[in-house]
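Following: one structure in structure tokens, then a few remarks.
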Amino acid sequence: RARPASGLRREILLVAALLTLVLLIYALQGSAYATRMLVEAAAYAIIAVGLNIQWGYAGLFNVGIMGFIVAGAAASVLMTFPVNPAFWAGTGAPMLGEALVWLIGAVALVALVSQARRIGVPKGLVTAMTLATAAIAFMLVSAKFDPATTAIEAEAGFIGGFGLPVAVGWIAAGIVAGGIAFVIGKICLGLRADYLAIATLGIAQIIKTFLKNADWLTRGTLTVSPLPWPVPTPNEIGFLWARSLYLALTALILIVVTLLLERAYRAPWGRMMRAIRDNEAAASSMGKNVDGRRMEIFVLGAMLMGLGGAILVHFTSIFDPSGFVDLNHTFLIWVMVILGGAGNNRGAIFGAVFVYIVWTMSEPAALSLFALARDWGSSWFGWVPPADLDSRALQMRVFVIGLTITLVLRFAPDGVLPERLRH
């Protein structure tokens with residue numbers, strides 16, 4: 001059905017206002033700064049689209065976004081960082097290979113035991129056997145990994161990477177994040193929405209904690225840098241041109257992803273996802289595989305989150321697991337989707353760009369306003385400002401984002417570009 005004229009006019013006005021805001025930032029902050037901001041906003045938009053299809057298409061309440069982002073970033077770093085010859089020449093490499101073989105065998109054994117019910121073993125006994133097997137396997141595998149990781153840290157520092165092209169790293173980021181989502185989905189997708197949220201939040205913290213403490217794999221808090229770019233770097237062609245090329249590539253990926261999802265959204269697959277979201281019981285009674293479809297959308301959304309995390313970490317050219325925090329990499333993305341409008345990918349993209357601009361620009365804007373208040377207050381009223389006034393201004397971004405989402409929930413509870421329902 002044709003889009004209502006009022007809805008189209010609203011979209012045009014909102015996009016025009018956003019473009020005006022972007023042009024104003026270019027004029028005030030300079031091209032290099034504004035382009036950097038848009039690259040990061042585009043990467044966040046890819047992540048927001050991933051969350052939007054999970055929540056907007058299937059109603060899956062995922063608050064473990066940070067876990068998929070950092071897992072994708074780590075996978076891309078492993079694939080693309082230059083090879084560390086000291087690792088391959090030391091004793092840690094063969095020991096790590098042996099430990100990985102033990103890990104694969106342990107996973108296979110646990111999976112085999114968990115299927116014992118197929119030969120008539122009672123369900124309760126299968127659960128007990130699976131837990132016991134998993135505990136024993138964990139101890140055996142740990143006994144193999146500990147000496148390997150100790151040798152790697154002593155001889156080489158960390159394992160380094162494989163030196164592959166960045167495109168391979170970004171593909172690996174999506175695959176790893178999707179694989180983690182598949183494992184989580186097998187365990188958690190049958191839970192209620194609140195339990196799913198708790199489970200994903202906990203697993204995200206586990207992933208971050210592991211990467212933060214795995215010095216042999218990620219150097220822990222020592223960081224891994226510099227990371228390669230998929231386009232010429234600023235040292236080769238200058239900041240503005242390099243960032244512009246990175247922006248063009250990221251925007252192209254975002255456009256392709258959005259067009260494919262829009263096509264799927266209007267196909268029978270998309271209608272089935274919305275039917276499951278709106279009335280699970282009715283969809284199940286019609287013979288739809290509810291768990292299978294939810295798994296598909298959960299994995300697909302996580303793959304986009306992993307891809308967005310890889311794009312972000314390569315652009316900053318440094319990987320530090322401690323730099324991934326829930327405020328920036330979970331809460332902020334939920335704000336983007338809620339503000340833009342769940343169920344509408346264009347709304348998610350609009351929300352991502354607008355919220356990231358507000359998040360980024362609120363800091364310099366607050367510094368300017370606080371400096372103005374300090375100067376006027378001192379000259380007009382003799383006011384003595386506190387010594388930490390500038391540090392207080394830096395925290396205003398949290399207040400501004402909170403105020404923004406409060407206003408949106410009050411005046412546009414479905415988002416500024418809500419999902420268009422067809423009757």
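Quick note on naming: the chains in the structure tokens go A, B, ... in the order shown, residues restart at 1 in each chain, and ligands are numbered from 1 in order of appearance.
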Can you write out as CSV which residues of region 142-255 of chain A fall within 8 Å of region 306-325 of chain A, alongside each residue's closest atom pair and its distance in Å to one decimal, counting only C-alpha atoms and ordering rows by chain and ascending residue number?
residue,atom,partner,partner_atom,distance
A:Gly169,CA,A:Ala310,CA,7.7
A:Trp170,CA,A:Leu307,CA,5.8
A:Ile171,CA,A:Leu307,CA,7.3
A:Ala173,CA,A:Gly306,CA,5.2
A:Gly174,CA,A:Gly306,CA,5.0
A:Val176,CA,A:Gly306,CA,7.6
A:Ala177,CA,A:Gly306,CA,5.2
A:Gly178,CA,A:Gly306,CA,7.8
A:Lys208,CA,A:Pro321,CA,6.4
A:Leu211,CA,A:Pro321,CA,6.3
A:Lys212,CA,A:Pro321,CA,5.3
A:Gly220,CA,A:Pro321,CA,6.9
A:Thr221,CA,A:Asp320,CA,6.1
A:Leu222,CA,A:Asp320,CA,7.4
A:Thr223,CA,A:Asp320,CA,4.7
A:Val224,CA,A:Phe319,CA,5.1
A:Ser225,CA,A:Ile318,CA,4.6
A:Pro226,CA,A:Ser317,CA,5.1
A:Leu227,CA,A:Ser317,CA,4.5
A:Pro228,CA,A:His314,CA,6.5
A:Trp229,CA,A:His314,CA,6.1
A:Tyr246,CA,A:Phe315,CA,7.9
A:Thr250,CA,A:Ile311,CA,7.7
Region 71-231 of chain A: residues DSSP assigns to helix (DSSP H, G or I), reported as number ranges by chain: A: 71-80, 85-89, 92-114, 116-119, 123-155, 166-188, 193-213, 215-218, 220-222
Write a file of the selected residues as a tab-separated table (two decimals), in the first residue's frame, keeping C-alpha atoms.
chain	number	residue	atom	x	y	z
A	71	ALA	CA	33.68	-10.83	20.25
A	72	GLY	CA	33.45	-9.64	16.65
A	73	ALA	CA	36.16	-7.07	17.22
A	74	ALA	CA	38.48	-9.66	18.78
A	75	ALA	CA	37.89	-12.12	15.93
A	76	SER	CA	38.75	-9.48	13.34
A	77	VAL	CA	41.88	-8.47	15.25
A	78	LEU	CA	43.01	-12.11	15.37
A	79	MET	CA	42.49	-12.53	11.63
A	80	THR	CA	44.10	-9.28	10.46
A	85	PRO	CA	57.00	-14.97	14.55
A	86	ALA	CA	58.00	-15.47	18.20
A	87	PHE	CA	54.76	-17.34	18.85
A	88	TRP	CA	55.16	-19.76	15.95
A	89	ALA	CA	58.83	-20.37	16.77
A	92	GLY	CA	53.56	-22.47	23.04
A	93	ALA	CA	52.18	-22.98	19.52
A	94	PRO	CA	52.19	-26.82	19.51
A	95	MET	CA	50.98	-26.89	23.12
A	96	LEU	CA	48.10	-24.57	22.20
A	97	GLY	CA	47.27	-26.76	19.19
A	98	GLU	CA	47.09	-29.82	21.43
A	99	ALA	CA	44.87	-27.94	23.88
A	100	LEU	CA	42.51	-26.94	21.07
A	101	VAL	CA	42.22	-30.56	19.97
A	102	TRP	CA	41.29	-31.50	23.53
A	103	LEU	CA	38.74	-28.67	23.57
A	104	ILE	CA	37.09	-29.86	20.35
A	105	GLY	CA	36.99	-33.42	21.66
A	106	ALA	CA	35.50	-32.26	24.97
A	107	VAL	CA	32.77	-30.28	23.25
A	108	ALA	CA	31.94	-33.23	21.01
A	109	LEU	CA	31.79	-35.58	24.01
A	110	VAL	CA	29.48	-33.28	25.98
A	111	ALA	CA	27.22	-32.87	22.94
A	112	LEU	CA	27.13	-36.65	22.48
A	113	VAL	CA	26.21	-37.28	26.12
A	114	SER	CA	23.48	-34.62	25.97
A	116	ALA	CA	21.59	-39.83	25.30
A	117	ARG	CA	17.83	-39.37	25.65
A	118	ARG	CA	17.51	-40.49	22.04
A	119	ILE	CA	18.43	-44.03	23.14
A	123	LYS	CA	15.79	-36.87	30.87
A	124	GLY	CA	16.90	-36.22	34.46
A	125	LEU	CA	19.73	-38.72	34.18
A	126	VAL	CA	20.81	-37.18	30.85
A	127	THR	CA	21.02	-33.76	32.48
A	128	ALA	CA	23.10	-35.12	35.37
A	129	MET	CA	25.41	-37.00	33.01
A	130	THR	CA	25.85	-33.93	30.81
A	131	LEU	CA	26.74	-31.67	33.75
A	132	ALA	CA	29.19	-34.22	35.16
A	133	THR	CA	30.82	-34.74	31.76
A	134	ALA	CA	31.08	-30.98	31.22
A	135	ALA	CA	32.73	-30.49	34.63
A	136	ILE	CA	35.31	-33.24	34.03
A	137	ALA	CA	35.96	-31.98	30.49
A	138	PHE	CA	36.48	-28.44	31.78
A	139	MET	CA	39.12	-29.58	34.26
A	140	LEU	CA	40.95	-31.67	31.66
A	141	VAL	CA	40.93	-28.91	29.04
A	142	SER	CA	42.05	-26.32	31.61
A	143	ALA	CA	44.96	-28.55	32.53
A	144	LYS	CA	46.03	-28.48	28.87
A	145	PHE	CA	45.49	-24.75	28.30
A	146	ASP	CA	47.27	-23.44	31.41
A	147	PRO	CA	50.82	-24.50	30.49
A	148	ALA	CA	50.25	-23.49	26.86
A	149	THR	CA	49.14	-19.95	27.73
A	150	THR	CA	51.93	-19.58	30.27
A	151	ALA	CA	54.51	-20.56	27.65
A	152	ILE	CA	53.01	-18.16	25.08
A	153	GLU	CA	53.09	-15.19	27.46
A	154	ALA	CA	56.66	-15.98	28.53
A	155	GLU	CA	58.06	-16.54	25.03
A	166	VAL	CA	40.59	-6.75	6.66
A	167	ALA	CA	37.63	-8.05	4.64
A	168	VAL	CA	38.40	-11.55	5.91
A	169	GLY	CA	38.52	-10.20	9.45
A	170	TRP	CA	35.13	-8.53	9.10
A	171	ILE	CA	33.60	-11.73	7.74
A	172	ALA	CA	35.15	-13.66	10.62
A	173	ALA	CA	33.70	-11.11	13.05
A	174	GLY	CA	30.19	-11.82	11.82
A	175	ILE	CA	30.73	-15.58	11.87
A	176	VAL	CA	32.14	-15.63	15.41
A	177	ALA	CA	29.40	-13.37	16.79
A	178	GLY	CA	26.79	-15.48	15.00
A	179	GLY	CA	28.32	-18.70	16.37
A	180	ILE	CA	28.19	-17.33	19.93
A	181	ALA	CA	24.57	-16.29	19.35
A	182	PHE	CA	23.75	-19.80	18.13
A	183	VAL	CA	25.13	-21.35	21.33
A	184	ILE	CA	23.31	-18.77	23.47
A	185	GLY	CA	20.12	-19.32	21.49
A	186	LYS	CA	20.20	-23.07	21.99
A	187	ILE	CA	20.28	-22.44	25.73
A	188	CYS	CA	18.28	-19.25	26.23
A	193	ALA	CA	11.91	-12.17	27.73
A	194	ASP	CA	13.19	-11.05	31.15
A	195	TYR	CA	15.21	-14.24	31.64
A	196	LEU	CA	16.64	-13.92	28.14
A	197	ALA	CA	17.76	-10.38	28.98
A	198	ILE	CA	19.49	-11.54	32.17
A	199	ALA	CA	21.16	-14.44	30.37
A	200	THR	CA	22.49	-12.31	27.49
A	201	LEU	CA	23.74	-9.64	29.90
A	202	GLY	CA	25.64	-12.22	31.95
A	203	ILE	CA	27.15	-13.91	28.90
A	204	ALA	CA	28.31	-10.54	27.54
A	205	GLN	CA	30.18	-9.90	30.78
A	206	ILE	CA	31.75	-13.37	30.60
A	207	ILE	CA	33.01	-12.71	27.05
A	208	LYS	CA	34.48	-9.33	27.99
A	209	THR	CA	36.10	-10.68	31.16
A	210	PHE	CA	37.66	-13.57	29.27
A	211	LEU	CA	39.12	-11.33	26.57
A	212	LYS	CA	40.30	-8.81	29.16
A	213	ASN	CA	42.21	-11.47	31.09
A	215	ASP	CA	46.80	-11.90	27.80
A	216	TRP	CA	48.03	-14.72	25.56
A	217	LEU	CA	45.22	-13.99	23.08
A	218	THR	CA	44.48	-10.24	23.25
A	220	GLY	CA	44.64	-7.99	27.94
A	221	THR	CA	44.74	-4.35	28.99
A	222	LEU	CA	48.03	-3.75	27.13
Shortest interatomic distance to Pro364 (chain A) - which of A:His329, A:Gly56, A:Asp278, A:Met396, counting only C-alpha atoms: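 For Pro364 (chain A), the nearest of the given residues is A:Met396.
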Counting only C-alpha atoms, the residue of A:Val299, A:Leu19, A:Val400, A:Ile405 that sits nearest Phe350 (chain A):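 Once distances to Phe350 (chain A) are computed over only C-alpha atoms, the minimum belongs to A:Leu19.
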Pick from A:Leu189, A:Ala32, A:Ala275, A:Leu254, whichever lies nearest to Gly238 (chain A) using only C-alpha atoms: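 Under the stated criterion, the closest residue is A:Ala32.
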Best match for closeness to Thr406 (chain A) among A:Val335, A:Asn62, A:Glu363, A:Met303, counting only C-alpha atoms: A:Val335
Residue contacts of Arg271 (chain A) (12 Å, only C-alpha atoms) excluding same-chain residues fewer than 6 positions away, as a list of chain:residue names: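 Close residues of Arg271 (chain A): A:Tyr57, A:Ala58, A:Glu262, A:Arg263, A:Ala264, A:Tyr265, A:Arg277, A:Asp278, A:Ala283, A:Lys288, A:Arg293, A:Gly343, A:Leu421, A:Arg422.
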Keeping only N, CA and C atoms, write the selected residues to a file as a short mmCIF file (atom, residue, chain, number, x, y, z; two decimals), in the first residue's frame.
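As a result, part23.cif now contains:
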data_model
loop_
_atom_site.label_atom_id
_atom_site.label_comp_id
_atom_site.auth_asym_id
_atom_site.auth_seq_id
_atom_site.Cartn_x
_atom_site.Cartn_y
_atom_site.Cartn_z
N TYR A 57 11.70 -7.14 14.81
CA TYR A 57 11.13 -8.20 13.99
C TYR A 57 10.62 -9.37 14.83
N ALA A 58 11.38 -9.72 15.89
CA ALA A 58 11.07 -10.95 16.62
C ALA A 58 10.76 -10.75 18.09
N GLU A 262 15.28 -5.07 4.12
CA GLU A 262 13.98 -4.53 3.70
C GLU A 262 13.29 -5.49 2.74
N ARG A 263 14.06 -6.10 1.87
CA ARG A 263 13.49 -7.08 0.94
C ARG A 263 12.96 -8.29 1.71
N ALA A 264 13.74 -8.76 2.69
CA ALA A 264 13.30 -9.90 3.50
C ALA A 264 12.10 -9.54 4.36
N TYR A 265 12.05 -8.29 4.84
CA TYR A 265 10.96 -7.84 5.69
C TYR A 265 9.62 -7.90 4.97
N ARG A 277 6.14 -12.61 16.44
CA ARG A 277 6.32 -11.56 17.44
C ARG A 277 4.99 -11.12 18.05
N ASP A 278 3.98 -10.94 17.19
CA ASP A 278 2.71 -10.39 17.66
C ASP A 278 1.84 -11.42 18.36
N ALA A 283 0.86 -18.26 15.79
CA ALA A 283 1.83 -18.67 14.77
C ALA A 283 2.22 -20.13 14.94
N LYS A 288 4.10 -23.00 12.31
CA LYS A 288 5.37 -22.30 12.12
C LYS A 288 6.39 -22.78 13.16
N ARG A 293 12.78 -19.99 13.74
CA ARG A 293 12.79 -18.65 13.18
C ARG A 293 13.44 -17.65 14.14
N GLY A 343 11.35 -1.88 14.67
CA GLY A 343 10.64 -2.49 13.55
C GLY A 343 10.83 -1.76 12.24
N LEU A 421 2.53 -0.27 10.06
CA LEU A 421 1.74 -1.49 10.09
C LEU A 421 0.76 -1.51 8.92
N ARG A 422 0.62 -2.64 8.29
CA ARG A 422 -0.30 -2.80 7.17
C ARG A 422 -1.54 -3.55 7.65
#
Given only C-alpha atoms as the counted atoms, nearest of A:Leu394, A:Met286, A:Leu14, A:Leu245 to Thr35 (chain A): A:Leu245
Might you pull out every residue within 6 Å of region 39-49 of chain A, with only C-alpha atoms counted and same-chain residues fewer than 5 positions away left off, and present them as a compact mmCIF listing (two decimals) with C-alpha atoms, in the first residue's frame?
# COMPACT_ATOMS: atom_id res chain seq x y z
CA LEU A 247 33.02 6.36 5.56
CA LEU A 254 25.06 -0.28 5.72
CA LEU A 304 25.59 -7.51 12.31
CA MET A 305 26.66 -6.53 15.83
CA GLY A 308 29.80 -3.29 13.48
CA ILE A 333 22.28 1.32 21.07
CA ASN A 345 15.34 -0.10 9.79
CA ALA A 348 17.10 2.60 13.51
CA ILE A 349 19.61 4.24 11.15
CA ALA A 352 21.79 5.79 15.43
CA VAL A 353 23.14 8.81 13.56
CA TYR A 356 25.58 9.40 18.22
Residues near Gly163 (chain A), cut-off 6 Å, only C-alpha atoms, skip fewer than 4 positions along chain, as an NGL selection string: :A and (80-83)
d(CA of Val355 (chain A), CA of Ile401 (chain A)) in Å: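 Between CA of Val355 (chain A) and CA of Ile401 (chain A) the gap works out to 7.6 Å.
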